[in-house]
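Contents: one structure, followed by commentary.
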Amino acid sequence: MYKLMDQYLKNDTFSIQKNIVDHSEYTLARSRFRFDDFEAYQATAYSVRDRLIERWNDTHSLMREKDPKRIYYLSMEFLMGRSLLNSIVNIGVKGQYADALKQLGFDLEILVEQERDAALGNGGLGRLAACFLDSLATLDYPAWGYGLRYEYGMFRQTIQDGFQLEHPDYWLNFGNPWEIQRVHTTYPVKFYGHVDEIQENNKKTYIWTPGETVEAVAYDNPIPGYGTKNTINLRLWAAKPSGELELDSFSTGDYVNAVLSKQRAETISSILYPDDRTYQGKELRLKQQVFLVSASLQDVVRRYKDFHSDFAAFPQKVAFQLNDTHPIIGVAELMRILLDEEKLDWVKSWEITTKVFSFTNHAILPEALEKWPLELLENLLPRHLQIIYRINFYFMEEMKKKFGDDLVRLSRLSIIEEGEKKNVRMANLALVSCHTVNGVSKSHFEFIKSSLFKDFHDMWPHKFQCKTNGVTQRRWMACSNPDLSQLITKWLGTEAWLKELDLLLGLRLHANDYNLQEQWMKVRRSNKSRLAAYIQIISGAKVNVDAMFDVQIKRIHEYKRQFLNVIGIIHRYDCIKNMTAEDRKKVVPRVCILGGKAPPGYENAKRIIKLIHAVGDKLNNDPDVGDLLKLIFIPDYNVSMAELVIPASDISQHLSTAGSEACGTGNMKFAMNGCLIVGTKDGSNVEIQEELGSENMFLFGPSAEDIPELRTEQKDFQPVLEFRRVVGMIRKGVFGNAEYFQPLCDTIDGAGDDYYLLGHDFPSYLEAQAAVDKAFVDKKRWAEMSILSTAGCGQFSTDRTIREYAEEIWNVEPLRHS
Ligand code: 26Y
């Protein structure tokens, strides 16, 4: 291996541009950036990649030999983060690489940080897809992920004067050693044009003549499992212009326009859409969805046909999981392929289609459900719209038989939303055509059954399942918290927990053991020092490592209530200011750390970021406060940042108003790493509490069932004095920018109805925070709680989630290498 890397290091093809200015803010900030390190990272990555390709080839051969049922995970987002460390941990060569690099004069830890994050996702939904791939590979499932190779992933966030600025994420600029371009694996994806109906052998046949064809080219990313040879594939599609276009224009002599349309075609896969929760009908986004599913389905059908002469066995060989409704247009696309290209009849095509698709819902807000204007579909996908109409026609006929003239119900069920402007409801299409729909936590499952999709659940309860999310312990413990992982292995006497997370339960036996507690807290402290050093580099602030690190990192959103956190911080500040010197001695010092990106068009989320900075400026520089309270915002939150912050957190906050977070997976990552949770009775917080016990968590506030009534009572509600005082301070300009913060303050008092119930939950939030302070002082008890938190997390591995999907939804078996 030493030789291999040495050879790569000397090889000219891997030398890179020397005048790099902005490789990565993070590495620059750490002041560790050396060109040598970057080259060494690349050499290492290529050498690891060679090993991955070998395993990938073996896996592929085995699949071809055995032809098992395969699972295809279709997702518009895969938030992969970095690959180097994860790959060498999974294939079991981390130690060897670290040694070899040392001999060459490099430090693996530093090289790892040279890699740019593959940020092809917004947040939870995309990261879940990435964790799923890790578990699918580890559990030996014959699986592939399909997604888009966005040239610009999630925007890069910088902060200027406390305001968020968005910059394009040029993550591919320095090459991507983890992908293999398959120049010969391309498929045409068609858009626009018209459909002709012709008679062929006494049968109506539909011929779609597209107005635009874009070629999809495959890029493969090998995903190695942990402790197995199984290496699955993440195939990402990039758009390249189709040759046909050029020919057309060539014949009309319009060379310049040919080149321009070539450029337009390439924009399809150029940018990841930020999730701004309320749905926006953007044509390009729909084109991206079609592009993903059409290329993927053509690829799957081709692979199937290599082994089978007809489609009878298709449902026994193929399962598609749709990550939310984003790829649901795939239903119409598969129907089109079967009807128009494979010449199957409607009944057969529909039977096959409804047996292969299942979908996961991740939404709570009805307004986040995608619906596309009928006109848009008619123009962009004329043949698909015909198919959707026909699906809806048969569905409505069936419903009429069932519900007679209950027109209100029929109109709710219909895939087509009537009205002045008609829409196609993608969730309804999914519910009609998928054999299974699943929620992502117990509470979310109850919600979709009783509210979001009630009509469908009343009719087809058998279609509904609950699959609580998880996270992979390989990335979120073994890679990001190696010292704690080693300690766990030492005390459990095995590293089998990396594949069977339930084994963490064994830590309960030792939670009270002084030796474990001491070692545990020592590791946690050294993780905190690492984070403190980073904070000093980015902000200049020196934080006290023995203070409580109180963290909230996630996308910035009103429903996630970072604002409640800030109001709590201001209140704490205000209390400290008004204390006697004697009382100040009793205050438990805290470093409050926030991080997250606001969707670019979401003004109130951006105001929250500015407020965090404004409050931080004030209290961080107040000599009365000193080390008792600090507020730090970490810019450009992403997967790698989470890997640094999570192992260093004492408490983390998960404050969404009950009934608004579908699941939440950040909380699982924190809890696994021994960080205690302050949270509401929402999403997976509730399930985590069931496992850890309420004595090891700080849950507060109402349950989801109480929320509708509380909302109706809001008109007459008067928040407590402390809450009003804080809001008054913001309004009065104590933190400057009084005018800019007014609209934010209006959402919680005065003009606003405090939809997210910050005022209502504030007293119980303060109680929870007071309980945290009290607990933190008792070091022994805190260490025990922290160990018990990790011990109780066995359920929250995606290994458990994936097994449930495999057994209860996909009906697929592992395929083990001999
Ligand atoms: C329509 C579009 C622009 C869009 C794009 C992304 C809409 C939604 C999303 C992303 C949603 C998402 O990330 N949902 C989160 O899924 C996680 C995994 O299930 C949950 O843990 C989390 O609660 C939920 O907010």
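Naming scheme: A, B, ... for chains in displayed order of the structure tokens; residues 1 onward per chain; ligands 1 onward as shown.
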Would you return as an mmCIF file with N, CA and C atoms, in the first residue's frame the members of segment 531-669 of chain A that DSSP assigns to strand (DSSP E) on this structure's backbone?
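Writing the result to states_25.cif gives the following:
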```cif
data_model
loop_
_atom_site.group_PDB
_atom_site.id
_atom_site.type_symbol
_atom_site.label_atom_id
_atom_site.label_comp_id
_atom_site.auth_asym_id
_atom_site.auth_seq_id
_atom_site.Cartn_x
_atom_site.Cartn_y
_atom_site.Cartn_z
ATOM 1 N N MET A 548 -20.422 23.917 29.963
ATOM 2 C CA MET A 548 -21.323 22.995 29.264
ATOM 3 C C MET A 548 -21.427 23.424 27.798
ATOM 4 N N PHE A 549 -21.179 22.498 26.877
ATOM 5 C CA PHE A 549 -21.352 22.797 25.446
ATOM 6 C C PHE A 549 -22.798 22.447 25.072
ATOM 7 N N ASP A 550 -23.519 23.488 24.754
ATOM 8 C CA ASP A 550 -24.966 23.359 24.532
ATOM 9 C C ASP A 550 -25.204 23.652 23.044
ATOM 10 N N VAL A 551 -25.629 22.635 22.306
ATOM 11 C CA VAL A 551 -25.565 22.721 20.842
ATOM 12 C C VAL A 551 -26.933 22.601 20.166
ATOM 13 N N GLN A 552 -27.139 23.423 19.164
ATOM 14 C CA GLN A 552 -28.293 23.208 18.267
ATOM 15 C C GLN A 552 -27.807 23.412 16.832
ATOM 16 N N ILE A 553 -27.624 22.318 16.118
ATOM 17 C CA ILE A 553 -27.180 22.416 14.727
ATOM 18 C C ILE A 553 -28.164 21.664 13.844
ATOM 19 N N ARG A 590 -21.897 28.149 30.375
ATOM 20 C CA ARG A 590 -22.355 27.487 29.138
ATOM 21 C C ARG A 590 -21.734 28.119 27.908
ATOM 22 N N VAL A 591 -21.434 27.268 26.950
ATOM 23 C CA VAL A 591 -21.089 27.753 25.613
ATOM 24 C C VAL A 591 -22.227 27.302 24.703
ATOM 25 N N CYS A 592 -23.008 28.258 24.235
ATOM 26 C CA CYS A 592 -24.124 27.904 23.355
ATOM 27 C C CYS A 592 -23.627 27.946 21.916
ATOM 28 N N ILE A 593 -23.823 26.854 21.205
ATOM 29 C CA ILE A 593 -23.302 26.747 19.838
ATOM 30 C C ILE A 593 -24.472 26.490 18.897
ATOM 31 N N LEU A 594 -24.609 27.335 17.905
ATOM 32 C CA LEU A 594 -25.653 27.098 16.899
ATOM 33 C C LEU A 594 -25.026 27.046 15.520
ATOM 34 N N GLY A 595 -25.657 26.323 14.641
ATOM 35 C CA GLY A 595 -25.197 26.278 13.260
ATOM 36 C C GLY A 595 -26.332 25.801 12.381
ATOM 37 N N LEU A 629 -21.310 32.721 29.991
ATOM 38 C CA LEU A 629 -22.177 32.470 28.846
ATOM 39 C C LEU A 629 -21.497 32.957 27.571
ATOM 40 N N LYS A 630 -21.437 32.075 26.597
ATOM 41 C CA LYS A 630 -20.891 32.456 25.288
ATOM 42 C C LYS A 630 -21.882 31.969 24.233
ATOM 43 N N LEU A 631 -21.944 32.684 23.137
ATOM 44 C CA LEU A 631 -22.822 32.255 22.045
ATOM 45 C C LEU A 631 -22.011 32.274 20.755
ATOM 46 N N ILE A 632 -21.890 31.094 20.160
ATOM 47 C CA ILE A 632 -21.048 30.945 18.962
ATOM 48 C C ILE A 632 -21.910 30.416 17.820
ATOM 49 N N PHE A 633 -21.801 31.033 16.669
ATOM 50 C CA PHE A 633 -22.457 30.484 15.476
ATOM 51 C C PHE A 633 -21.380 29.859 14.600
ATOM 52 N N ILE A 634 -21.564 28.606 14.243
ATOM 53 C CA ILE A 634 -20.593 27.941 13.367
ATOM 54 C C ILE A 634 -21.104 28.017 11.929
ATOM 55 N N ILE A 651 -24.960 18.906 25.782
ATOM 56 C CA ILE A 651 -26.386 18.763 25.519
ATOM 57 C C ILE A 651 -26.669 19.245 24.101
ATOM 58 N N SER A 652 -27.747 18.721 23.535
ATOM 59 C CA SER A 652 -28.159 19.217 22.230
ATOM 60 C C SER A 652 -29.659 19.450 22.270
ATOM 61 N N GLN A 653 -30.077 20.433 21.480
ATOM 62 C CA GLN A 653 -31.472 20.870 21.556
ATOM 63 C C GLN A 653 -32.248 20.479 20.297
ATOM 64 N N HIS A 654 -33.417 19.901 20.526
ATOM 65 C CA HIS A 654 -34.302 19.446 19.441
ATOM 66 C C HIS A 654 -35.702 19.931 19.801
#
```
- [ ] Check every protein, DNA and RNA residue against ligand 1, keep those with an atom at most 8 Å away (counting only C-alpha atoms and all ligand atoms), and present them as a PyMOL selection string.
- [x] chain A and resi 77+121-128+273-280+324+326+361-364+368-370+440+469+660-666+683
Open item on the list: List as a ChimeraX atom specification the protein and nucleic acid residues near Val183 of chain A, meaning an atom at most 10 Å away when only C-alpha atoms are counted, but skip any in the same chain fewer than 5 places from it.
Closed with: /A:216-219
Open item on the list: So, with only C-alpha atoms as the atoms that count, which of A:His184, A:Arg561, A:Lys585, A:Lys669 lies closest to Asp754 of chain A?
Closed with: A:Arg561
Task: Distance query segment 636-643 of chain A at most 8 Å, only C-alpha atoms, self and fewer than 5 positions along chain excluded, as a list in words - done: Leu79, Met80, Gly81, Arg82, Asp117, Ala119, Arg156, Gln157, Thr158, Trp476, Ser480, Asn481, Ile553, Lys554, Gly595, Gly596 and Lys597 of chain A
For the residues in the current selection, export N, CA, C and O atoms as a PDB file, in the first residue's frame.
```pdb
ATOM      1  N   LEU A  79     -26.886  12.971   0.765  1.00  0.00           N
ATOM      2  CA  LEU A  79     -25.979  13.880   1.466  1.00  0.00           C
ATOM      3  C   LEU A  79     -24.817  13.052   2.019  1.00  0.00           C
ATOM      4  O   LEU A  79     -24.794  12.660   3.178  1.00  0.00           O
ATOM      5  N   MET A  80     -23.834  12.795   1.135  1.00  0.00           N
ATOM      6  CA  MET A  80     -22.818  11.795   1.454  1.00  0.00           C
ATOM      7  C   MET A  80     -21.717  12.296   2.388  1.00  0.00           C
ATOM      8  O   MET A  80     -21.097  11.533   3.093  1.00  0.00           O
ATOM      9  N   GLY A  81     -21.412  13.588   2.330  1.00  0.00           N
ATOM     10  CA  GLY A  81     -20.254  14.068   3.110  1.00  0.00           C
ATOM     11  C   GLY A  81     -18.969  13.543   2.487  1.00  0.00           C
ATOM     12  O   GLY A  81     -18.894  13.311   1.281  1.00  0.00           O
ATOM     13  N   ARG A  82     -17.961  13.342   3.319  1.00  0.00           N
ATOM     14  CA  ARG A  82     -16.665  12.860   2.801  1.00  0.00           C
ATOM     15  C   ARG A  82     -16.648  11.346   2.711  1.00  0.00           C
ATOM     16  O   ARG A  82     -17.379  10.661   3.424  1.00  0.00           O
ATOM     17  N   ASP A 117     -16.899  18.055   1.047  1.00  0.00           N
ATOM     18  CA  ASP A 117     -18.120  17.277   1.260  1.00  0.00           C
ATOM     19  C   ASP A 117     -18.885  17.132  -0.053  1.00  0.00           C
ATOM     20  O   ASP A 117     -18.974  18.095  -0.815  1.00  0.00           O
ATOM     21  N   ALA A 119     -22.148  17.394  -0.930  1.00  0.00           N
ATOM     22  CA  ALA A 119     -23.358  17.885  -0.235  1.00  0.00           C
ATOM     23  C   ALA A 119     -24.537  17.869  -1.197  1.00  0.00           C
ATOM     24  O   ALA A 119     -25.115  18.899  -1.516  1.00  0.00           O
ATOM     25  N   ARG A 156     -22.771  27.053  -0.128  1.00  0.00           N
ATOM     26  CA  ARG A 156     -21.831  27.293   0.952  1.00  0.00           C
ATOM     27  C   ARG A 156     -22.265  28.573   1.670  1.00  0.00           C
ATOM     28  O   ARG A 156     -22.612  29.558   1.019  1.00  0.00           O
ATOM     29  N   GLN A 157     -22.283  28.516   2.977  1.00  0.00           N
ATOM     30  CA  GLN A 157     -22.755  29.675   3.747  1.00  0.00           C
ATOM     31  C   GLN A 157     -21.575  30.430   4.343  1.00  0.00           C
ATOM     32  O   GLN A 157     -20.691  29.826   4.951  1.00  0.00           O
ATOM     33  N   THR A 158     -21.545  31.753   4.107  1.00  0.00           N
ATOM     34  CA  THR A 158     -20.618  32.570   4.887  1.00  0.00           C
ATOM     35  C   THR A 158     -21.466  33.615   5.610  1.00  0.00           C
ATOM     36  O   THR A 158     -22.653  33.801   5.289  1.00  0.00           O
ATOM     37  N   TRP A 476     -21.198   7.786  12.272  1.00  0.00           N
ATOM     38  CA  TRP A 476     -21.513   8.731  13.352  1.00  0.00           C
ATOM     39  C   TRP A 476     -20.867   8.360  14.679  1.00  0.00           C
ATOM     40  O   TRP A 476     -20.940   9.093  15.632  1.00  0.00           O
ATOM     41  N   SER A 480     -16.359   9.376  13.368  1.00  0.00           N
ATOM     42  CA  SER A 480     -16.314  10.736  13.906  1.00  0.00           C
ATOM     43  C   SER A 480     -15.930  10.775  15.386  1.00  0.00           C
ATOM     44  O   SER A 480     -15.539  11.819  15.886  1.00  0.00           O
ATOM     45  N   ASN A 481     -16.051   9.654  16.067  1.00  0.00           N
ATOM     46  CA  ASN A 481     -15.688   9.638  17.486  1.00  0.00           C
ATOM     47  C   ASN A 481     -14.845   8.391  17.786  1.00  0.00           C
ATOM     48  O   ASN A 481     -15.249   7.507  18.561  1.00  0.00           O
ATOM     49  N   ILE A 553     -27.624  22.318  16.118  1.00  0.00           N
ATOM     50  CA  ILE A 553     -27.180  22.416  14.727  1.00  0.00           C
ATOM     51  C   ILE A 553     -28.164  21.664  13.844  1.00  0.00           C
ATOM     52  O   ILE A 553     -28.424  20.478  14.039  1.00  0.00           O
ATOM     53  N   LYS A 554     -28.719  22.326  12.918  1.00  0.00           N
ATOM     54  CA  LYS A 554     -29.691  21.760  11.975  1.00  0.00           C
ATOM     55  C   LYS A 554     -30.119  22.890  11.052  1.00  0.00           C
ATOM     56  O   LYS A 554     -29.778  24.047  11.299  1.00  0.00           O
ATOM     57  N   GLY A 595     -25.657  26.323  14.641  1.00  0.00           N
ATOM     58  CA  GLY A 595     -25.197  26.278  13.260  1.00  0.00           C
ATOM     59  C   GLY A 595     -26.332  25.801  12.381  1.00  0.00           C
ATOM     60  O   GLY A 595     -27.222  25.080  12.856  1.00  0.00           O
ATOM     61  N   GLY A 596     -26.328  26.237  11.135  1.00  0.00           N
ATOM     62  CA  GLY A 596     -27.362  25.782  10.206  1.00  0.00           C
ATOM     63  C   GLY A 596     -27.550  26.773   9.096  1.00  0.00           C
ATOM     64  O   GLY A 596     -27.192  27.947   9.236  1.00  0.00           O
ATOM     65  N   LYS A 597     -28.095  26.286   7.999  1.00  0.00           N
ATOM     66  CA  LYS A 597     -28.328  27.162   6.848  1.00  0.00           C
ATOM     67  C   LYS A 597     -29.808  27.511   6.759  1.00  0.00           C
ATOM     68  O   LYS A 597     -30.657  26.671   7.047  1.00  0.00           O
TER      69      LYS A 597
END
```
- [ ] Compare A:Tyr534, A:Phe563, A:Tyr97, A:Trp350 by their minimum atom-to-atom distance to Ala648 of chain A, counting only C-alpha atoms, and give me the closest one.
- [x] A:Tyr534
Task: Selected residue of minimal separation from His194 of chain A among A:Asp36, A:Glu739, A:Asp458, A:Glu378, counting only C-alpha atoms - done: A:Glu378
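Minimum atom-to-atom distance to Lys66 of chain A, evaluated using only C-alpha atoms, belongs to A:Lys317 out of A:Lys317, A:Met335, A:Phe717, A:Gly105.
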- [ ] Enumerate as a ChimeraX atom specification all residues of segment 167-383 of chain A assigned to helix (DSSP H, G or I) by DSSP on the backbone, naming them with the chain letters and numbers the document uses.
- [x] /A:243-252,255-269,283-305,314-317,330-341,346-356,366-368,374-380,382-383
Open item on the list: Residues near Leu292 of chain A, anyone? I mean within 7 Å using only C-alpha atoms, not counting same-chain ones fewer than 5 positions away, as an NGL selection string.
Closed with: :A and (147-148 or 237)
So that I have them on file, write out the residues from the current selection with N, CA, C and O atoms, as a CSV table (one decimal), in the first residue's frame.
```csv
chain,number,residue,atom,x,y,z
A,147,GLY,N,-29.4,8.6,-8.1
A,147,GLY,CA,-29.6,10.0,-7.8
A,147,GLY,C,-29.0,10.9,-8.9
A,147,GLY,O,-28.7,10.5,-10.0
A,148,LEU,N,-28.9,12.2,-8.6
A,148,LEU,CA,-28.4,13.2,-9.6
A,148,LEU,C,-27.0,13.7,-9.1
A,148,LEU,O,-26.8,13.9,-8.0
A,237,TRP,N,-26.6,10.5,-12.1
A,237,TRP,CA,-26.8,10.9,-13.5
A,237,TRP,C,-26.4,12.4,-13.7
A,237,TRP,O,-26.8,13.2,-12.9
```
- [ ] Can you work out which one of A:Asp67, A:Asp773, A:Glu695, A:Glu341 has the shortest atom-to-atom distance to Ala313 of chain A, counting only C-alpha atoms?
- [x] A:Asp67
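Shortest separation to Tyr141 of chain A among A:Ala258, A:Leu504, A:Leu297, A:Ile802 occurs at residue A:Ile802, atoms counted being only C-alpha atoms.
The shell of residues at most 8 Å from Arg711 of chain A, with only C-alpha atoms counted and near chain neighbours (fewer than 4 positions) removed, consists of A:Ile707, A:Tyr755, A:Leu757.
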Please produce a file of the residues just selected, as an mmCIF file, in the first residue's frame, where the atoms kept are N, CA, C and O atoms.
```
data_model
loop_
_atom_site.group_PDB
_atom_site.id
_atom_site.type_symbol
_atom_site.label_atom_id
_atom_site.label_comp_id
_atom_site.auth_asym_id
_atom_site.auth_seq_id
_atom_site.Cartn_x
_atom_site.Cartn_y
_atom_site.Cartn_z
ATOM 1 N N ILE A 707 -51.697 20.024 20.572
ATOM 2 C CA ILE A 707 -51.344 21.239 19.822
ATOM 3 C C ILE A 707 -52.541 21.931 19.150
ATOM 4 O O ILE A 707 -52.684 23.154 19.275
ATOM 5 N N TYR A 755 -47.744 30.772 15.897
ATOM 6 C CA TYR A 755 -48.154 29.466 15.376
ATOM 7 C C TYR A 755 -47.314 28.333 15.970
ATOM 8 O O TYR A 755 -47.802 27.250 16.220
ATOM 9 N N LEU A 757 -45.934 28.319 18.859
ATOM 10 C CA LEU A 757 -46.167 28.236 20.310
ATOM 11 C C LEU A 757 -44.911 28.445 21.164
ATOM 12 O O LEU A 757 -44.724 27.755 22.175
#
```
